[in-house]
file structure08.pdb (PDB, C-alpha atoms and all ligand atoms)
ATOM      1  CA  MET A  66       7.401   5.419 -29.457
ATOM      2  CA  GLN A  67      11.110   4.927 -28.729
ATOM      3  CA  PRO A  68      11.749   2.823 -25.609
ATOM      4  CA  VAL A  69      13.464   4.594 -22.700
ATOM      5  CA  LEU A  70      15.534   2.692 -20.119
ATOM      6  CA  ARG A  71      17.442   3.966 -17.133
ATOM      7  CA  PHE A  72      20.052   2.895 -14.612
ATOM      8  CA  ALA A  73      19.487   4.594 -11.256
ATOM      9  CA  PRO A  74      22.317   4.051  -8.754
ATOM     10  CA  SER A  75      22.714   5.837  -5.426
ATOM     11  CA  PRO A  76      26.100   7.493  -4.866
ATOM     12  CA  ASN A  77      26.485   6.163  -1.327
ATOM     13  CA  GLY A  78      29.403   3.829  -2.053
ATOM     14  CA  TYR A  79      31.347   2.311  -4.949
ATOM     15  CA  LEU A  80      29.508   0.245  -7.561
ATOM     16  CA  HIS A  81      30.016  -3.508  -7.220
ATOM     17  CA  LEU A  82      29.540  -6.572  -9.402
ATOM     18  CA  GLY A  83      25.775  -6.505  -8.806
ATOM     19  CA  HIS A  84      25.586  -2.985 -10.219
ATOM     20  CA  ALA A  85      27.683  -4.085 -13.211
ATOM     21  CA  LEU A  86      25.141  -6.837 -13.923
ATOM     22  CA  SER A  87      22.219  -4.430 -13.612
ATOM     23  CA  ALA A  88      23.784  -1.680 -15.707
ATOM     24  CA  LEU A  89      24.866  -4.105 -18.443
ATOM     25  CA  ILE A  90      21.559  -6.011 -18.693
ATOM     26  CA  ASP A  91      19.819  -2.660 -18.848
ATOM     27  CA  PHE A  92      22.204  -1.159 -21.432
ATOM     28  CA  GLU A  93      22.032  -4.236 -23.631
ATOM     29  CA  MET A  94      18.240  -4.306 -23.441
ATOM     30  CA  ALA A  95      18.183  -0.642 -24.494
ATOM     31  CA  GLN A  96      20.391  -1.500 -27.450
ATOM     32  CA  SER A  97      18.340  -4.522 -28.477
ATOM     33  CA  LEU A  98      15.149  -2.410 -28.353
ATOM     34  CA  GLY A  99      16.763   0.507 -30.187
ATOM     35  CA  GLY A 100      15.938   2.555 -27.091
ATOM     36  CA  ARG A 101      17.438   5.462 -25.190
ATOM     37  CA  TYR A 102      19.569   4.791 -22.100
ATOM     38  CA  LEU A 103      19.493   7.276 -19.240
ATOM     39  CA  LEU A 104      21.468   7.493 -16.051
ATOM     40  CA  ARG A 105      19.846   8.858 -12.916
ATOM     41  CA  ILE A 106      21.670   9.657  -9.697
ATOM     42  CA  GLU A 107      19.438   8.771  -6.728
ATOM     43  CA  ASP A 108      20.932  11.021  -4.084
ATOM     44  CA  ILE A 109      18.054  12.068  -1.839
ATOM     45  CA  ASP A 110      19.800  10.690   1.257
ATOM     46  CA  ALA A 111      22.121  13.641   1.868
ATOM     47  CA  THR A 112      23.697  11.957   4.891
ATOM     48  CA  ARG A 113      25.080   9.029   2.876
ATOM     49  CA  CYS A 114      25.587  10.317  -0.688
ATOM     50  CA  ARG A 115      28.903  11.903  -1.651
ATOM     51  CA  PRO A 116      30.178  13.660  -4.825
ATOM     52  CA  GLU A 117      33.196  11.357  -5.079
ATOM     53  CA  PHE A 118      30.893   8.325  -5.301
ATOM     54  CA  GLU A 119      28.904  10.040  -8.056
ATOM     55  CA  GLN A 120      32.131  10.707  -9.966
ATOM     56  CA  ALA A 121      33.148   7.072  -9.473
ATOM     57  CA  ILE A 122      29.797   5.913 -10.943
ATOM     58  CA  TYR A 123      30.579   7.771 -14.185
ATOM     59  CA  GLU A 124      34.110   6.356 -14.336
ATOM     60  CA  ASP A 125      33.129   2.768 -13.537
ATOM     61  CA  LEU A 126      30.233   2.692 -16.015
ATOM     62  CA  ALA A 127      32.335   4.238 -18.802
ATOM     63  CA  TRP A 128      35.073   1.667 -18.073
ATOM     64  CA  LEU A 129      32.491  -1.123 -18.515
ATOM     65  CA  GLY A 130      31.704   0.294 -21.963
ATOM     66  CA  ILE A 131      28.359   1.825 -21.059
ATOM     67  CA  ARG A 132      27.256   5.106 -22.648
ATOM     68  CA  TRP A 133      24.334   7.216 -21.466
ATOM     69  CA  GLU A 134      22.577  10.390 -22.504
ATOM     70  CA  GLU A 135      23.488  13.742 -21.009
ATOM     71  CA  PRO A 136      22.387  15.537 -18.948
ATOM     72  CA  VAL A 137      22.179  13.057 -16.092
ATOM     73  CA  ARG A 138      19.186  13.609 -13.814
ATOM     74  CA  ARG A 139      20.117  14.083 -10.186
ATOM     75  CA  GLN A 140      17.280  13.621  -7.693
ATOM     76  CA  SER A 141      18.589  16.274  -5.315
ATOM     77  CA  ASP A 142      18.062  18.834  -8.146
ATOM     78  CA  ASN A 143      14.392  17.912  -8.480
ATOM     79  CA  LEU A 144      12.911  18.055  -5.007
ATOM     80  CA  ASP A 145      10.097  20.323  -6.237
ATOM     81  CA  ALA A 146       8.742  17.564  -8.461
ATOM     82  CA  TYR A 147       8.479  15.177  -5.492
ATOM     83  CA  ALA A 148       6.876  17.853  -3.307
ATOM     84  CA  GLN A 149       4.273  18.412  -6.002
ATOM     85  CA  ALA A 150       3.477  14.701  -6.194
ATOM     86  CA  LEU A 151       3.243  14.497  -2.409
ATOM     87  CA  GLY A 152       0.839  17.449  -2.522
ATOM     88  CA  LYS A 153      -1.389  15.539  -4.954
ATOM     89  CA  LEU A 154      -1.515  12.563  -2.597
ATOM     90  CA  GLU A 155      -2.214  14.850   0.367
ATOM     91  CA  ALA A 156      -5.048  16.485  -1.570
ATOM     92  CA  GLN A 157      -6.599  13.010  -1.905
ATOM     93  CA  GLY A 158      -6.527  12.678   1.899
ATOM     94  CA  LEU A 159      -4.159   9.714   1.686
ATOM     95  CA  VAL A 160      -1.155  11.041   3.617
ATOM     96  CA  TYR A 161      -0.822  11.471   7.378
ATOM     97  CA  PRO A 162       2.037  12.192   9.778
ATOM     98  CA  GLY A 163       3.211   9.407  12.090
ATOM     99  CA  PHE A 164       5.034  10.844  15.109
ATOM    100  CA  GLU A 165       6.565   7.724  16.655
ATOM    101  CA  SER A 166      10.283   6.935  16.485
ATOM    102  CA  ARG A 167      11.446   3.483  15.362
ATOM    103  CA  ALA A 168      12.060   2.597  19.028
ATOM    104  CA  GLU A 169       8.525   3.635  20.006
ATOM    105  CA  ILE A 170       7.072   1.544  17.210
ATOM    106  CA  ALA A 171       9.205  -1.418  18.347
ATOM    107  CA  ARG A 172       8.027  -0.969  21.975
ATOM    108  CA  HIS A 173       4.402  -0.830  20.857
ATOM    109  CA  ILE A 174       4.829  -4.057  18.893
ATOM    110  CA  ALA A 175       6.668  -5.761  21.770
ATOM    111  CA  GLN A 176       3.567  -5.269  23.943
ATOM    112  CA  HIS A 177       1.386  -6.970  21.391
ATOM    113  CA  THR A 178       0.286 -10.512  22.186
ATOM    114  CA  GLY A 179      -1.203 -13.131  19.913
ATOM    115  CA  ALA A 180      -0.213 -13.808  16.317
ATOM    116  CA  PRO A 181       3.288 -12.682  15.286
ATOM    117  CA  TRP A 182       3.405  -9.063  14.166
ATOM    118  CA  PRO A 183       3.466  -8.799  10.332
ATOM    119  CA  HIS A 184       6.635  -7.553   8.637
ATOM    120  CA  ASP A 185       7.039  -5.905   5.242
ATOM    121  CA  PRO A 186       9.039  -7.626   2.461
ATOM    122  CA  ASP A 187      12.184  -5.776   3.597
ATOM    123  CA  GLY A 188      11.790  -7.233   7.102
ATOM    124  CA  SER A 189      10.555  -4.121   8.947
ATOM    125  CA  PRO A 190       7.478  -4.414  11.155
ATOM    126  CA  LEU A 191       4.348  -2.913   9.605
ATOM    127  CA  TYR A 192       3.447   0.439  11.108
ATOM    128  CA  PRO A 193       0.809  -0.114  13.828
ATOM    129  CA  GLY A 194      -1.062   3.048  12.868
ATOM    130  CA  MET A 195      -0.950   4.793  16.255
ATOM    131  CA  SER A 196      -0.941   8.297  14.720
ATOM    132  CA  LYS A 197      -3.542   7.543  12.109
ATOM    133  CA  GLN A 198      -6.506   8.551  14.241
ATOM    134  CA  LEU A 199      -5.164  11.951  15.339
ATOM    135  CA  SER A 200      -7.414  14.872  14.493
ATOM    136  CA  PRO A 201      -6.247  17.512  11.983
ATOM    137  CA  ASP A 202      -5.796  19.958  14.896
ATOM    138  CA  GLU A 203      -3.648  17.541  16.899
ATOM    139  CA  ARG A 204      -1.501  16.849  13.841
ATOM    140  CA  ALA A 205      -1.046  20.531  13.120
ATOM    141  CA  SER A 206      -0.139  21.414  16.679
ATOM    142  CA  ARG A 207       2.408  18.600  17.039
ATOM    143  CA  ILE A 208       4.033  19.604  13.740
ATOM    144  CA  ALA A 209       4.032  23.254  14.816
ATOM    145  CA  ALA A 210       5.679  22.205  18.103
ATOM    146  CA  GLY A 211       8.588  20.848  16.053
ATOM    147  CA  GLU A 212       8.055  17.123  16.687
ATOM    148  CA  PRO A 213       9.750  14.821  14.169
ATOM    149  CA  TYR A 214       7.366  12.865  11.937
ATOM    150  CA  ALA A 215       7.172  10.586   8.912
ATOM    151  CA  LEU A 216       4.519  11.248   6.274
ATOM    152  CA  ARG A 217       2.869   7.917   5.586
ATOM    153  CA  LEU A 218       0.574   6.685   2.841
ATOM    154  CA  ASP A 219      -2.776   5.454   4.120
ATOM    155  CA  MET A 220      -2.464   2.188   2.224
ATOM    156  CA  SER A 221      -5.968   0.840   2.817
ATOM    157  CA  GLY A 222      -7.454   4.188   1.778
ATOM    158  CA  ALA A 223      -5.198   4.176  -1.281
ATOM    159  CA  LEU A 224      -6.246   0.651  -2.267
ATOM    160  CA  ASN A 225      -9.913   1.518  -1.861
ATOM    161  CA  ARG A 226      -9.311   4.153  -4.477
ATOM    162  CA  THR A 227      -7.127   2.182  -6.894
ATOM    163  CA  GLY A 228      -8.650  -1.289  -6.625
ATOM    164  CA  ALA A 229      -6.499  -4.296  -7.554
ATOM    165  CA  LEU A 230      -3.363  -3.488  -9.536
ATOM    166  CA  THR A 231      -1.090  -5.510 -11.782
ATOM    167  CA  TRP A 232       2.228  -4.996 -13.529
ATOM    168  CA  VAL A 233       3.811  -6.485 -16.604
ATOM    169  CA  GLU A 234       7.055  -8.365 -15.987
ATOM    170  CA  ILE A 235       9.178  -9.026 -19.052
ATOM    171  CA  GLY A 236      11.960 -11.569 -19.486
ATOM    172  CA  THR A 237      15.636 -10.984 -20.259
ATOM    173  CA  ASP A 238      14.720 -11.004 -23.917
ATOM    174  CA  PRO A 239      12.318  -8.067 -24.075
ATOM    175  CA  HIS A 240      10.839  -9.374 -27.315
ATOM    176  CA  GLN A 241       9.694 -12.560 -25.599
ATOM    177  CA  GLU A 242       7.518 -13.642 -22.689
ATOM    178  CA  HIS A 243       5.525 -11.118 -20.652
ATOM    179  CA  ASP A 244       3.782 -12.022 -17.393
ATOM    180  CA  THR A 245       0.994 -10.004 -15.840
ATOM    181  CA  LEU A 246       1.497 -10.091 -12.072
ATOM    182  CA  MET A 247      -0.807  -9.060  -9.238
ATOM    183  CA  ALA A 248       0.629  -6.243  -7.144
ATOM    184  CA  GLN A 249       0.535  -6.901  -3.379
ATOM    185  CA  PRO A 250       0.973  -3.455  -1.836
ATOM    186  CA  GLU A 251      -0.907  -4.432   1.337
ATOM    187  CA  LYS A 252       2.235  -6.342   2.344
ATOM    188  CA  TRP A 253       3.916  -2.977   2.945
ATOM    189  CA  GLY A 254       1.327  -1.256   5.117
ATOM    190  CA  ASP A 255       1.496   2.523   5.490
ATOM    191  CA  VAL A 256       4.844   3.197   3.797
ATOM    192  CA  VAL A 257       6.830   6.363   4.486
ATOM    193  CA  LEU A 258       6.691   8.903   1.641
ATOM    194  CA  ALA A 259       8.707  11.702   3.258
ATOM    195  CA  ARG A 260      10.010  12.799   6.653
ATOM    196  CA  LYS A 261      10.221  16.057   8.515
ATOM    197  CA  ASP A 262      13.828  16.481   7.372
ATOM    198  CA  THR A 263      13.742  14.576   4.066
ATOM    199  CA  SER A 264      11.102  15.833   1.695
ATOM    200  CA  THR A 265      10.769  12.610  -0.296
ATOM    201  CA  SER A 266      11.504   8.878  -0.204
ATOM    202  CA  TYR A 267      12.842   6.244  -2.571
ATOM    203  CA  HIS A 268       9.321   5.072  -3.492
ATOM    204  CA  LEU A 269       7.954   8.525  -4.256
ATOM    205  CA  SER A 270      10.926   9.877  -6.174
ATOM    206  CA  VAL A 271      11.494   6.767  -8.296
ATOM    207  CA  VAL A 272       7.892   6.802  -9.500
ATOM    208  CA  VAL A 273       7.921  10.539 -10.246
ATOM    209  CA  ASP A 274      11.266  10.370 -12.055
ATOM    210  CA  ASP A 275      10.410   7.343 -14.157
ATOM    211  CA  ALA A 276       7.304   9.177 -15.363
ATOM    212  CA  LEU A 277       9.021  12.546 -15.913
ATOM    213  CA  GLN A 278      11.816  10.867 -17.853
ATOM    214  CA  GLY A 279       9.341   8.866 -19.945
ATOM    215  CA  VAL A 280      10.857   5.544 -18.835
ATOM    216  CA  THR A 281       9.140   2.645 -20.622
ATOM    217  CA  HIS A 282      11.198  -0.275 -19.239
ATOM    218  CA  VAL A 283      12.450  -0.472 -15.655
ATOM    219  CA  VAL A 284      15.316  -2.942 -15.319
ATOM    220  CA  ARG A 285      16.514  -3.556 -11.761
ATOM    221  CA  GLY A 286      17.413  -6.326  -9.320
ATOM    222  CA  GLN A 287      15.077  -8.882  -7.742
ATOM    223  CA  ASP A 288      15.650  -7.096  -4.425
ATOM    224  CA  LEU A 289      13.261  -4.399  -5.655
ATOM    225  CA  TYR A 290      10.628  -6.819  -6.993
ATOM    226  CA  GLN A 291       8.280  -6.337  -4.028
ATOM    227  CA  ALA A 292       8.740  -2.567  -4.080
ATOM    228  CA  THR A 293       7.091  -2.535  -7.501
ATOM    229  CA  SER A 294       3.746  -3.120  -5.762
ATOM    230  CA  VAL A 295       4.130   0.177  -3.900
ATOM    231  CA  HIS A 296       5.211   1.904  -7.106
ATOM    232  CA  ARG A 297       2.096   0.699  -8.885
ATOM    233  CA  VAL A 298      -0.123   2.216  -6.173
ATOM    234  CA  LEU A 299       1.654   5.569  -6.379
ATOM    235  CA  GLN A 300       1.470   5.544 -10.170
ATOM    236  CA  ALA A 301      -2.257   4.811 -10.062
ATOM    237  CA  LEU A 302      -2.930   7.575  -7.513
ATOM    238  CA  LEU A 303      -0.808  10.100  -9.399
ATOM    239  CA  GLY A 304      -2.180   9.154 -12.822
ATOM    240  CA  LEU A 305       1.259   8.123 -14.141
ATOM    241  CA  PRO A 306       1.701   5.500 -16.867
ATOM    242  CA  PRO A 307       3.188   2.215 -15.614
ATOM    243  CA  PRO A 308       6.413   1.121 -17.329
ATOM    244  CA  LEU A 309       7.180  -2.539 -18.055
ATOM    245  CA  TYR A 310       9.442  -4.174 -15.460
ATOM    246  CA  HIS A 311      12.295  -6.639 -15.598
ATOM    247  CA  HIS A 312      13.698  -7.752 -12.239
ATOM    248  CA  HIS A 313      16.964  -9.573 -12.828
ATOM    249  CA  ARG A 314      18.849 -12.182 -10.795
ATOM    250  CA  LEU A 315      21.149 -10.962  -8.034
ATOM    251  CA  ILE A 316      24.848 -11.612  -7.595
ATOM    252  CA  LEU A 317      25.382 -13.218  -4.187
ATOM    253  CA  ASP A 318      28.548 -13.585  -2.111
ATOM    254  CA  ALA A 319      29.977 -16.914  -0.932
ATOM    255  CA  GLU A 320      27.552 -16.948   2.031
ATOM    256  CA  GLY A 321      24.575 -16.354  -0.248
ATOM    257  CA  HIS A 322      24.070 -12.712   0.767
ATOM    258  CA  LYS A 323      23.396  -9.774  -1.521
ATOM    259  CA  LEU A 324      26.581  -7.826  -2.265
ATOM    260  CA  SER A 325      27.189  -4.733  -0.176
ATOM    261  CA  LYS A 326      28.740  -1.434  -1.173
ATOM    262  CA  SER A 327      30.898  -1.648   1.940
ATOM    263  CA  THR A 328      32.712  -4.825   0.776
ATOM    264  CA  ARG A 329      35.865  -3.787  -0.995
ATOM    265  CA  ALA A 330      36.561  -7.105  -2.714
ATOM    266  CA  THR A 331      33.584  -6.890  -5.079
ATOM    267  CA  ALA A 332      33.863  -3.160  -5.878
ATOM    268  CA  LEU A 333      34.452  -2.491  -9.568
ATOM    269  CA  ARG A 334      37.254  -0.027  -8.877
ATOM    270  CA  GLU A 335      39.059  -2.507  -6.655
ATOM    271  CA  LEU A 336      38.792  -5.201  -9.339
ATOM    272  CA  ARG A 337      40.027  -2.709 -11.945
ATOM    273  CA  ARG A 338      42.946  -1.774  -9.673
ATOM    274  CA  GLN A 339      43.836  -5.472  -9.478
ATOM    275  CA  GLY A 340      44.073  -5.544 -13.272
ATOM    276  CA  ARG A 341      40.724  -7.129 -14.141
ATOM    277  CA  THR A 342      39.291  -6.079 -17.503
ATOM    278  CA  PRO A 343      35.664  -5.368 -18.437
ATOM    279  CA  ALA A 344      35.643  -8.795 -20.136
ATOM    280  CA  ASP A 345      36.721 -10.388 -16.818
ATOM    281  CA  ILE A 346      33.858  -8.602 -15.073
ATOM    282  CA  ARG A 347      31.384  -9.961 -17.624
ATOM    283  CA  ARG A 348      32.652 -13.480 -16.977
ATOM    284  CA  MET A 349      32.466 -12.995 -13.197
ATOM    285  CA  ILE A 350      28.791 -12.019 -13.413
ATOM    286  CA  GLY A 351      27.831 -14.698 -15.905
ATOM    287  CA  LEU A 352      27.335 -12.446 -18.922
ATOM    288  CA  ALA A 353      30.244 -13.650 -21.067
TER     289      ALA A 353
HETATM  290  N1  LIG A 401      18.557   3.643  -6.480
HETATM  291  C1  LIG A 401      18.171   2.275  -6.319
HETATM  292  C2  LIG A 401      19.367   1.456  -5.877
HETATM  293  O1  LIG A 401      20.497   1.909  -6.015
HETATM  294  C3  LIG A 401      17.624   1.661  -7.595
HETATM  295  C4  LIG A 401      16.303   2.198  -7.933
HETATM  296  C5  LIG A 401      15.576   1.515  -9.069
HETATM  297  O2  LIG A 401      16.216   0.998 -10.001
HETATM  298  O3  LIG A 401      14.374   1.555  -9.063
HETATM  299  O4  LIG A 401      19.174   0.362  -5.400
END
call {"tool": "encode", "arguments": {"input": "structure08.pdb", "output": "structure tokens"}}
result
Amino acid sequence: MQPVLRFAPSPNGYLHLGHALSALIDFEMAQSLGGRYLLRIEDIDATRCRPEFEQAIYEDLAWLGIRWEEPVRRQSDNLDAYAQALGKLEAQGLVYPGFESRAEIARHIAQHTGAPWPHDPDGSPLYPGMSKQLSPDERASRIAAGEPYALRLDMSGALNRTGALTWVEIGTDPHQEHDTLMAQPEKWGDVVLARKDTSTSYHLSVVVDDALQGVTHVVRGQDLYQATSVHRVLQALLGLPPPLYHHHRLILDAEGHKLSKSTRATALRELRRQGRTPADIRRMIGLA
């Protein structure tokens, strides 16, 4: 079976040096495996994604010397696939609407005394589960009344079904070491899978797309390492084959923070405008 790799940026800003590292590690791994290389545009957040950023992704990647297969998959063109997957999870009784706003959740947690409230790996407080006990009738009538809600995965119910899960982490050289790691999805609590106004989420769509595109190797930054635990649960519940994973080092700024799409100085187009070459970029990200 021919390996399939993908680079999956969101068009909500210009690509920066961190994206260059990710796209190049990924592209070079595809080449060394004799695999296919796909590009996927992750544009489900309609409020932040813009066509000019998508166009810039194509230009910046081509400038770096990266080539991908056409057609490019755009998530906003595939909302039906995510709705279908959500339906399968709902049919398993593992999805419920949470009606509280972020502020209400924060107020609820502020009233809590005792041990510090647990936070997920991204730093958000775990959902306290206030809406979990609502009856089907109460849920239906609040939705019918037009209340906003987030559809959440019942994580403990999900884990009862899946049991313990692992994933295979590969090194930079895909022909070499493989580690089998224990997934820790309980760290995330009842993650959001969709909202009243957004019919999917990053976690749900990434898992569906990787399976639909036959992705065998997921290459992405360490910042998404913990998210892989959630992806493994969704894959197990949806009966999707798990790819291998490689989470690569991140490029940090002078203060040790992850690069941001809003910082002009590290944007690939800004560096190109200043006369840097693709070879300069490789040196700047330690790939030379
Ligand atoms: N769209 C995600 C991002 O831009 C990457 C998703 C992934 O590689 O799994 O951070």
call {"tool": "resolve_selection", "arguments": {"input": "structure08.pdb", "expression": "the PyMOL selection byres (((not hetatm)) within 10 of (chain A and resi 401))", "output": "number ranges by chain"}}
result
A: 71-78, 80, 84, 87-88, 105-109, 267-268, 270-272, 274-275, 283-286, 288-290, 292-293, 296, 310, 312
call {"tool": "resolve_selection", "arguments": {"input": "structure08.pdb", "expression": "the PyMOL selection byres (((chain A and resi 279) around 12) and not hetatm)", "output": "ChimeraX atom specification"}}
result
/A:66-71,100-103,272-278,280-283,305-309
call {"tool": "closest_residue", "arguments": {"input": "structure08.pdb", "among": "A:Gly228, A:Arg314, A:Met220, A:Asp262", "to": "Thr112 in chain A", "atoms": "all atoms listed in the file"}}
result
A:Asp262
call {"tool": "residues_around", "arguments": {"input": "structure08.pdb", "residues": "Ala127 in chain A", "least_positions_apart": "4", "cutoff": "12 Å", "atoms": "all atoms listed in the file", "output": "list in words"}}
result
Ala85, Ala88, Leu89, Phe92, Leu104, Gln120, Ala121, Ile122, Tyr123, Ile131, Arg132, Trp133, Leu333, Arg334 and Pro343 of chain A
call {"tool": "atom_distance", "arguments": {"input": "structure08.pdb", "atom1": "CA of Gly304 in chain A", "atom2": "CA of Ala229 in chain A"}}
result
15.1 Å
call {"tool": "residues_near_point", "arguments": {"input": "structure08.pdb", "point": "(-1.1, 1.4, -9.5)", "cutoff": "8 Å", "atoms": "only C-alpha atoms", "output": "PyMOL selection string"}}
result
chain A and resi 227+230-231+294-302+307
call {"tool": "atom_distance", "arguments": {"input": "structure08.pdb", "atom1": "CA of Pro193 in chain A", "atom2": "CA of Gly211 in chain A"}}
result
22.5 Å
call {"tool": "residues_near_point", "arguments": {"input": "structure08.pdb", "point": "(8.9, -0.3, 18.3)", "cutoff": "12 Å", "atoms": "all atoms listed in the file", "output": "list in words"}}
result
Glu165, Ser166, Arg167, Ala168, Glu169, Ile170, Ala171, Arg172, His173, Ile174, Ala175, Gln176, His177, Trp182, Ser189, Pro190, Leu191, Tyr192, Pro193, Gly194 and Met195 of chain A
call {"tool": "write_last_selection", "arguments": {"input": "structure08.pdb", "atoms": "C-alpha atoms", "output": "PDB file, keeping the file's coordinate frame"}}
result
ATOM      1  CA  GLU A 165       6.565   7.724  16.655  1.00  0.00           C
ATOM      2  CA  SER A 166      10.283   6.935  16.485  1.00  0.00           C
ATOM      3  CA  ARG A 167      11.446   3.483  15.362  1.00  0.00           C
ATOM      4  CA  ALA A 168      12.060   2.597  19.028  1.00  0.00           C
ATOM      5  CA  GLU A 169       8.525   3.635  20.006  1.00  0.00           C
ATOM      6  CA  ILE A 170       7.072   1.544  17.210  1.00  0.00           C
ATOM      7  CA  ALA A 171       9.205  -1.418  18.347  1.00  0.00           C
ATOM      8  CA  ARG A 172       8.027  -0.969  21.975  1.00  0.00           C
ATOM      9  CA  HIS A 173       4.402  -0.830  20.857  1.00  0.00           C
ATOM     10  CA  ILE A 174       4.829  -4.057  18.893  1.00  0.00           C
ATOM     11  CA  ALA A 175       6.668  -5.761  21.770  1.00  0.00           C
ATOM     12  CA  GLN A 176       3.567  -5.269  23.943  1.00  0.00           C
ATOM     13  CA  HIS A 177       1.386  -6.970  21.391  1.00  0.00           C
ATOM     14  CA  TRP A 182       3.405  -9.063  14.166  1.00  0.00           C
ATOM     15  CA  SER A 189      10.555  -4.121   8.947  1.00  0.00           C
ATOM     16  CA  PRO A 190       7.478  -4.414  11.155  1.00  0.00           C
ATOM     17  CA  LEU A 191       4.348  -2.913   9.605  1.00  0.00           C
ATOM     18  CA  TYR A 192       3.447   0.439  11.108  1.00  0.00           C
ATOM     19  CA  PRO A 193       0.809  -0.114  13.828  1.00  0.00           C
ATOM     20  CA  GLY A 194      -1.062   3.048  12.868  1.00  0.00           C
ATOM     21  CA  MET A 195      -0.950   4.793  16.255  1.00  0.00           C
TER      22      MET A 195
END
call {"tool": "atom_distance", "arguments": {"input": "structure08.pdb", "atom1": "CA of Pro213 in chain A", "atom2": "CA of Gly163 in chain A"}}
result
8.7 Å
call {"tool": "resolve_selection", "arguments": {"input": "structure08.pdb", "expression": "the PyMOL selection byres (((chain A and resi 215) around 7) and not hetatm)", "output": "MDAnalysis selection string"}}
result
chainID A and resid 162:164 214 216:217 257 259:261
call {"tool": "closest_residue", "arguments": {"input": "structure08.pdb", "among": "A:Ala180, A:Arg226, A:Ser221, A:Thr265", "to": "Gln149 in chain A", "atoms": "all atoms listed in the file"}}
result
A:Thr265
call {"tool": "closest_residue", "arguments": {"input": "structure08.pdb", "among": "A:Gly340, A:Ala111, A:Glu124, A:Ala210", "to": "Thr263 in chain A", "atoms": "all atoms listed in the file"}}
result
A:Ala111
call {"tool": "residues_around", "arguments": {"input": "structure08.pdb", "residues": "Met94 in chain A", "least_positions_apart": "2", "cutoff": "8 Å", "atoms": "all atoms listed in the file", "output": "number ranges by chain"}}
result
A: 90-92, 96-98, 237-239
call {"tool": "decode", "arguments": {"input": "structure08.pdb", "residues": "range 121-132 of chain A", "atoms": "N, CA and C atoms", "output": "PDB file, in the first residue's frame"}}
result
ATOM      1  N   ALA A 121      -2.474  32.408  -0.525  1.00  0.00           N
ATOM      2  CA  ALA A 121      -1.093  32.616  -0.047  1.00  0.00           C
ATOM      3  C   ALA A 121      -0.451  31.279   0.362  1.00  0.00           C
ATOM      4  N   ILE A 122      -1.256  30.353   0.895  1.00  0.00           N
ATOM      5  CA  ILE A 122      -0.717  29.025   1.257  1.00  0.00           C
ATOM      6  C   ILE A 122      -0.145  28.358   0.010  1.00  0.00           C
ATOM      7  N   TYR A 123      -0.896  28.391  -1.092  1.00  0.00           N
ATOM      8  CA  TYR A 123      -0.415  27.756  -2.330  1.00  0.00           C
ATOM      9  C   TYR A 123       0.885  28.417  -2.793  1.00  0.00           C
ATOM     10  N   GLU A 124       0.905  29.744  -2.756  1.00  0.00           N
ATOM     11  CA  GLU A 124       2.100  30.462  -3.250  1.00  0.00           C
ATOM     12  C   GLU A 124       3.315  30.190  -2.365  1.00  0.00           C
ATOM     13  N   ASP A 125       3.110  30.240  -1.050  1.00  0.00           N
ATOM     14  CA  ASP A 125       4.252  30.072  -0.136  1.00  0.00           C
ATOM     15  C   ASP A 125       4.811  28.646  -0.210  1.00  0.00           C
ATOM     16  N   LEU A 126       3.919  27.658  -0.288  1.00  0.00           N
ATOM     17  CA  LEU A 126       4.393  26.268  -0.347  1.00  0.00           C
ATOM     18  C   LEU A 126       5.121  26.009  -1.668  1.00  0.00           C
ATOM     19  N   ALA A 127       4.577  26.515  -2.765  1.00  0.00           N
ATOM     20  CA  ALA A 127       5.224  26.320  -4.073  1.00  0.00           C
ATOM     21  C   ALA A 127       6.603  26.987  -4.063  1.00  0.00           C
ATOM     22  N   TRP A 128       6.681  28.168  -3.448  1.00  0.00           N
ATOM     23  CA  TRP A 128       7.965  28.891  -3.359  1.00  0.00           C
ATOM     24  C   TRP A 128       9.002  28.052  -2.595  1.00  0.00           C
ATOM     25  N   LEU A 129       8.528  27.338  -1.556  1.00  0.00           N
ATOM     26  CA  LEU A 129       9.459  26.494  -0.775  1.00  0.00           C
ATOM     27  C   LEU A 129       9.897  25.254  -1.561  1.00  0.00           C
ATOM     28  N   GLY A 130       9.258  24.997  -2.682  1.00  0.00           N
ATOM     29  CA  GLY A 130       9.631  23.834  -3.498  1.00  0.00           C
ATOM     30  C   GLY A 130       8.755  22.619  -3.239  1.00  0.00           C
ATOM     31  N   ILE A 131       7.636  22.842  -2.582  1.00  0.00           N
ATOM     32  CA  ILE A 131       6.742  21.730  -2.243  1.00  0.00           C
ATOM     33  C   ILE A 131       5.706  21.542  -3.346  1.00  0.00           C
ATOM     34  N   ARG A 132       5.444  20.298  -3.691  1.00  0.00           N
ATOM     35  CA  ARG A 132       4.434  19.971  -4.710  1.00  0.00           C
ATOM     36  C   ARG A 132       3.426  19.019  -4.099  1.00  0.00           C
TER      37      ARG A 132
END
